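Before any comments, here is the structure.
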Amino acid sequence: MKKIKYIGLSLVIAMGFASCEDWLEVNDNPNTPTQDVASLESRLPWIEHHYGYAAGTAGFRAGFINGTITSRKGVSTLATNLHNYMPYWDASNGISTTPYQHWFVGAACNLEDLIKKAEEEGAYHYIGVAHVIRAMGFMLMADWYGECPYTEALGAYLTPKYDTGQAIFEGCMADLDLALPYFDMTQEHNATPLKDGDSWNDGDVTKWKALVYGLKARWLNNLSKKSSLYKPEEILSAIEKGPKDYATSTIVNHVNDPGDTSSDALAGDPLKTSFLFDCAAWSDHIRMTKYYTDLFEYPQTDGSVVYDPRREKMLPMNEHYKNGESYFMVTSGVDIINSDILNNSGPAQQTYNASTKSYSVSTAGREGDTIYVTLKGVCCKQGGAADESYYQGADGTILSTGTFYTLPESPTHLMTSYEMDFIKAEVLFRQGDKGGALTAYKNAIKGHLDFMNTKLKAYGTANNPGKNPMPQADIDEFLASDCIAQTANELTMAEIMKQKFIAMSFSQQNWNDMRRFNFSAGNVGDFGVVYPGFDRPKSIRATAVSQKFPGASKSDNNYWWRRMAHCSHEVNYNAKNLKESNAKATDNDIWSVSVWWDVPE
């Protein structure tokens, strides 16, 4: 991948000159670029950006697998080839390309040069960061593909060999250990301060150390099927050193800036907007599923329904009119599990008529599809004003409020204290400490609500009702209600993982967790069905069943989507090593072959 290294270097240098943030500016002469021209403060934010885009895309596309999102019928070009096939579970290699490109071409290939320059300056904190991001990126690839180039990936090898998933895991854990001492070192007097180039934690090494331990807890917990490797006490120890609150969590803040007219050289998207906006809400073809929207509803014995206070923030709404007054309707979820809507021209695209102030579709028989609201937002680059951040019609009617995680200025929660509490709840529940698990579970839910409200309050007064804070009275009532477990006897693993699924929406980790519990098979430990109501889409293509997911029942391992097939770059240019990496690497059913940590022992 030596070629990739140099391509990535030129990409970083070019973007450093075209920077739209102060910390991306370079002082060297842009007319004579060399390998040394990109300074630490200009190189690091681009490495962070490209890892973030890789992780954001992976989490977004995993949403098609774990039942969060689907795609409307009739989308064209790129979406037809990629997103519109994923709801049918009939994916092609192309769906796994973007995370690969952004990691290897945009981020990984520049880490060696970042470390070298940091060593020359004595900027030790940058070295620590480089090792952390290296671990994060390669772990993403291992969770995504199972096996991939690792030890030879960034050297002089044009056709690097593959490493096993476990070897990559061990290397990534070692990188975390390698990073920690650098954060405790005092940088040389004239070294570039980490604050000058760090777009994630603003140079706060305390946050970086908490991130390291948070990653350890997350990754060690992913070994729950490996009896010889799963070590609860190590996980709990890492949690104690991980993020404790909002202030010590790693949160990437994004902005909707009228000056953000530059584009990511790999993706063509705005640079300052959130990764999930760029992936999920740039166009209008994404819809929420019924499996996901049902998570926010709590049916009562009297036939009524209590709603999660996060519902109107996490789900898109659109504006309607009745008797001249406007009101907002929360989207319904597309039932891809129990209905064949995908095979019957739905969900159809809707249009808004300003003269009648109503919604309609042009597809006969699909008139009811107006209940499905798009995730689409609007950023300044698309012509929206900086304070809008929602999709609107020509008359100002809000056609979609977007969602908490997919607006242009939505935060990216890379590592949080509430994730630590969810992991702690799972570990303690496994150990039989249901009282401790209950406390951690309730702290996790409250933490996520508080994290959301912190951001919602920071927005100030907004035209978009999806950006207004949740009333504290509603939060308190929900936390005290029977919507969530209130006693240790009421707590189940399914309830822990349901609430974690909501909090970790659009993350790769939700797919990791589903794999660990075999989705809704109910055959892991004595936990029962951990994801009730989940199944493959009813409209799954016959070719996908016969070739990619041939399992006949939920208890069959190959019934489920277990990994991504490698993208065309590896298939076309590194075929020999790809084939040697896994006996089924080039078989049609590689998609349903477990990655290493998903194989029980």
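By order in the structure tokens, chains are A, B, ...; within a chain, residues start at 1; ligands start at 1, following the order shown.
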Long-range neighbours of A:Gly525 as a PDB file with N, CA and C atoms, in the first residue's frame, 10 Å cut-off, only C-alpha atoms, 5 positions minimum in chain:
ATOM      1  N   LYS A 225     -18.243 -13.629  23.803  1.00  0.00           N
ATOM      2  CA  LYS A 225     -18.407 -15.019  23.362  1.00  0.00           C
ATOM      3  C   LYS A 225     -17.150 -15.853  23.587  1.00  0.00           C
ATOM      4  N   ARG A 430     -24.180  -9.983  34.009  1.00  0.00           N
ATOM      5  CA  ARG A 430     -23.581 -11.296  33.727  1.00  0.00           C
ATOM      6  C   ARG A 430     -23.034 -11.918  35.004  1.00  0.00           C
ATOM      7  N   PHE A 517     -25.002 -11.136  20.594  1.00  0.00           N
ATOM      8  CA  PHE A 517     -26.168 -11.827  21.148  1.00  0.00           C
ATOM      9  C   PHE A 517     -26.953 -12.599  20.086  1.00  0.00           C
TER      10      PHE A 517
END
Just the residues within 9 Å of A:Glu297, please, counting only C-alpha atoms, with nothing from its chain fewer than 3 positions along; format it as number ranges by chain.
A: 293-294, 305-308, 311, 483
What's the 12 Å shell around A:Ala217, counting only C-alpha atoms, without same-chain residues fewer than 6 positions away, as a PyMOL selection string?
chain A and resi 173+176+210-211+223-224+230-243+415-417+419-424+426-427
Next, write the just-selected residues to a file, as an mmCIF file, in the first residue's frame, keeping N, CA and C atoms as the atom set.
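Listed below is the output, part14.cif:
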data_model
loop_
_atom_site.group_PDB
_atom_site.id
_atom_site.type_symbol
_atom_site.label_atom_id
_atom_site.label_comp_id
_atom_site.auth_asym_id
_atom_site.auth_seq_id
_atom_site.Cartn_x
_atom_site.Cartn_y
_atom_site.Cartn_z
ATOM 1 N N MET A 173 -4.936 -3.175 20.956
ATOM 2 C CA MET A 173 -4.851 -3.040 22.409
ATOM 3 C C MET A 173 -3.442 -2.618 22.826
ATOM 4 N N LEU A 176 -2.984 1.084 22.338
ATOM 5 C CA LEU A 176 -3.555 1.880 23.427
ATOM 6 C C LEU A 176 -2.594 1.967 24.598
ATOM 7 N N ALA A 210 -8.929 9.145 29.087
ATOM 8 C CA ALA A 210 -10.242 8.555 29.345
ATOM 9 C C ALA A 210 -10.749 7.824 28.101
ATOM 10 N N LEU A 211 -10.469 8.381 26.927
ATOM 11 C CA LEU A 211 -10.843 7.722 25.675
ATOM 12 C C LEU A 211 -10.142 6.380 25.543
ATOM 13 N N LEU A 223 -15.632 -9.225 23.549
ATOM 14 C CA LEU A 223 -15.143 -10.602 23.583
ATOM 15 C C LEU A 223 -16.059 -11.508 24.399
ATOM 16 N N SER A 224 -17.308 -11.118 24.582
ATOM 17 C CA SER A 224 -18.197 -11.847 25.487
ATOM 18 C C SER A 224 -18.450 -13.290 25.068
ATOM 19 N N TYR A 230 -12.677 -13.332 27.802
ATOM 20 C CA TYR A 230 -13.587 -12.365 28.410
ATOM 21 C C TYR A 230 -13.270 -12.235 29.899
ATOM 22 N N LYS A 231 -12.821 -11.065 30.310
ATOM 23 C CA LYS A 231 -12.365 -10.845 31.684
ATOM 24 C C LYS A 231 -13.113 -9.655 32.292
ATOM 25 N N PRO A 232 -14.210 -9.941 32.963
ATOM 26 C CA PRO A 232 -15.061 -8.879 33.513
ATOM 27 C C PRO A 232 -14.325 -7.869 34.386
ATOM 28 N N GLU A 233 -13.406 -8.336 35.218
ATOM 29 C CA GLU A 233 -12.736 -7.415 36.130
ATOM 30 C C GLU A 233 -11.860 -6.417 35.371
ATOM 31 N N GLU A 234 -11.254 -6.861 34.277
ATOM 32 C CA GLU A 234 -10.462 -5.937 33.454
ATOM 33 C C GLU A 234 -11.363 -4.886 32.814
ATOM 34 N N ILE A 235 -12.549 -5.307 32.399
ATOM 35 C CA ILE A 235 -13.498 -4.361 31.813
ATOM 36 C C ILE A 235 -13.920 -3.324 32.843
ATOM 37 N N LEU A 236 -14.281 -3.781 34.021
ATOM 38 C CA LEU A 236 -14.719 -2.867 35.077
ATOM 39 C C LEU A 236 -13.586 -1.927 35.492
ATOM 40 N N SER A 237 -12.365 -2.431 35.499
ATOM 41 C CA SER A 237 -11.220 -1.582 35.835
ATOM 42 C C SER A 237 -11.027 -0.497 34.789
ATOM 43 N N ALA A 238 -11.186 -0.863 33.523
ATOM 44 C CA ALA A 238 -11.055 0.131 32.448
ATOM 45 C C ALA A 238 -12.159 1.183 32.546
ATOM 46 N N ILE A 239 -13.372 0.744 32.876
ATOM 47 C CA ILE A 239 -14.493 1.679 33.012
ATOM 48 C C ILE A 239 -14.203 2.723 34.080
ATOM 49 N N GLU A 240 -13.584 2.301 35.174
ATOM 50 C CA GLU A 240 -13.271 3.229 36.256
ATOM 51 C C GLU A 240 -12.318 4.334 35.818
ATOM 52 N N LYS A 241 -11.527 4.074 34.787
ATOM 53 C CA LYS A 241 -10.586 5.075 34.289
ATOM 54 C C LYS A 241 -11.087 5.743 32.997
ATOM 55 N N GLY A 242 -12.239 5.325 32.553
ATOM 56 C CA GLY A 242 -12.822 5.910 31.350
ATOM 57 C C GLY A 242 -13.554 7.204 31.655
ATOM 58 N N PRO A 243 -14.279 7.752 30.689
ATOM 59 C CA PRO A 243 -14.998 9.010 30.917
ATOM 60 C C PRO A 243 -16.058 8.870 32.007
ATOM 61 N N MET A 415 -16.863 8.748 22.423
ATOM 62 C CA MET A 415 -16.721 7.939 23.641
ATOM 63 C C MET A 415 -17.363 8.697 24.787
ATOM 64 N N THR A 416 -18.299 8.058 25.469
ATOM 65 C CA THR A 416 -19.086 8.759 26.479
ATOM 66 C C THR A 416 -19.168 7.986 27.786
ATOM 67 N N SER A 417 -19.488 8.699 28.836
ATOM 68 C CA SER A 417 -19.679 8.065 30.143
ATOM 69 C C SER A 417 -20.920 7.193 30.151
ATOM 70 N N GLU A 419 -21.993 5.316 27.713
ATOM 71 C CA GLU A 419 -21.627 4.015 27.156
ATOM 72 C C GLU A 419 -20.915 3.170 28.207
ATOM 73 N N MET A 420 -20.061 3.807 28.999
ATOM 74 C CA MET A 420 -19.386 3.078 30.068
ATOM 75 C C MET A 420 -20.403 2.475 31.045
ATOM 76 N N ASP A 421 -21.445 3.232 31.367
ATOM 77 C CA ASP A 421 -22.451 2.729 32.297
ATOM 78 C C ASP A 421 -23.241 1.574 31.693
ATOM 79 N N PHE A 422 -23.524 1.634 30.396
ATOM 80 C CA PHE A 422 -24.220 0.511 29.767
ATOM 81 C C PHE A 422 -23.352 -0.749 29.776
ATOM 82 N N ILE A 423 -22.068 -0.593 29.489
ATOM 83 C CA ILE A 423 -21.173 -1.747 29.534
ATOM 84 C C ILE A 423 -21.093 -2.292 30.957
ATOM 85 N N LYS A 424 -21.008 -1.392 31.928
ATOM 86 C CA LYS A 424 -20.956 -1.817 33.333
ATOM 87 C C LYS A 424 -22.226 -2.576 33.708
ATOM 88 N N GLU A 426 -24.129 -4.342 31.745
ATOM 89 C CA GLU A 426 -24.066 -5.674 31.139
ATOM 90 C C GLU A 426 -23.134 -6.598 31.913
ATOM 91 N N VAL A 427 -21.946 -6.114 32.246
ATOM 92 C CA VAL A 427 -20.958 -6.948 32.935
ATOM 93 C C VAL A 427 -21.492 -7.380 34.306
#
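Interatomic distance, atom CA of A:Gln508 to atom CA of A:Asn201: 21.2 Å.
Our summary of the geometry notes that atom CA of A:Tyr126 is positioned 27.8 Å from atom CA of A:Phe451.
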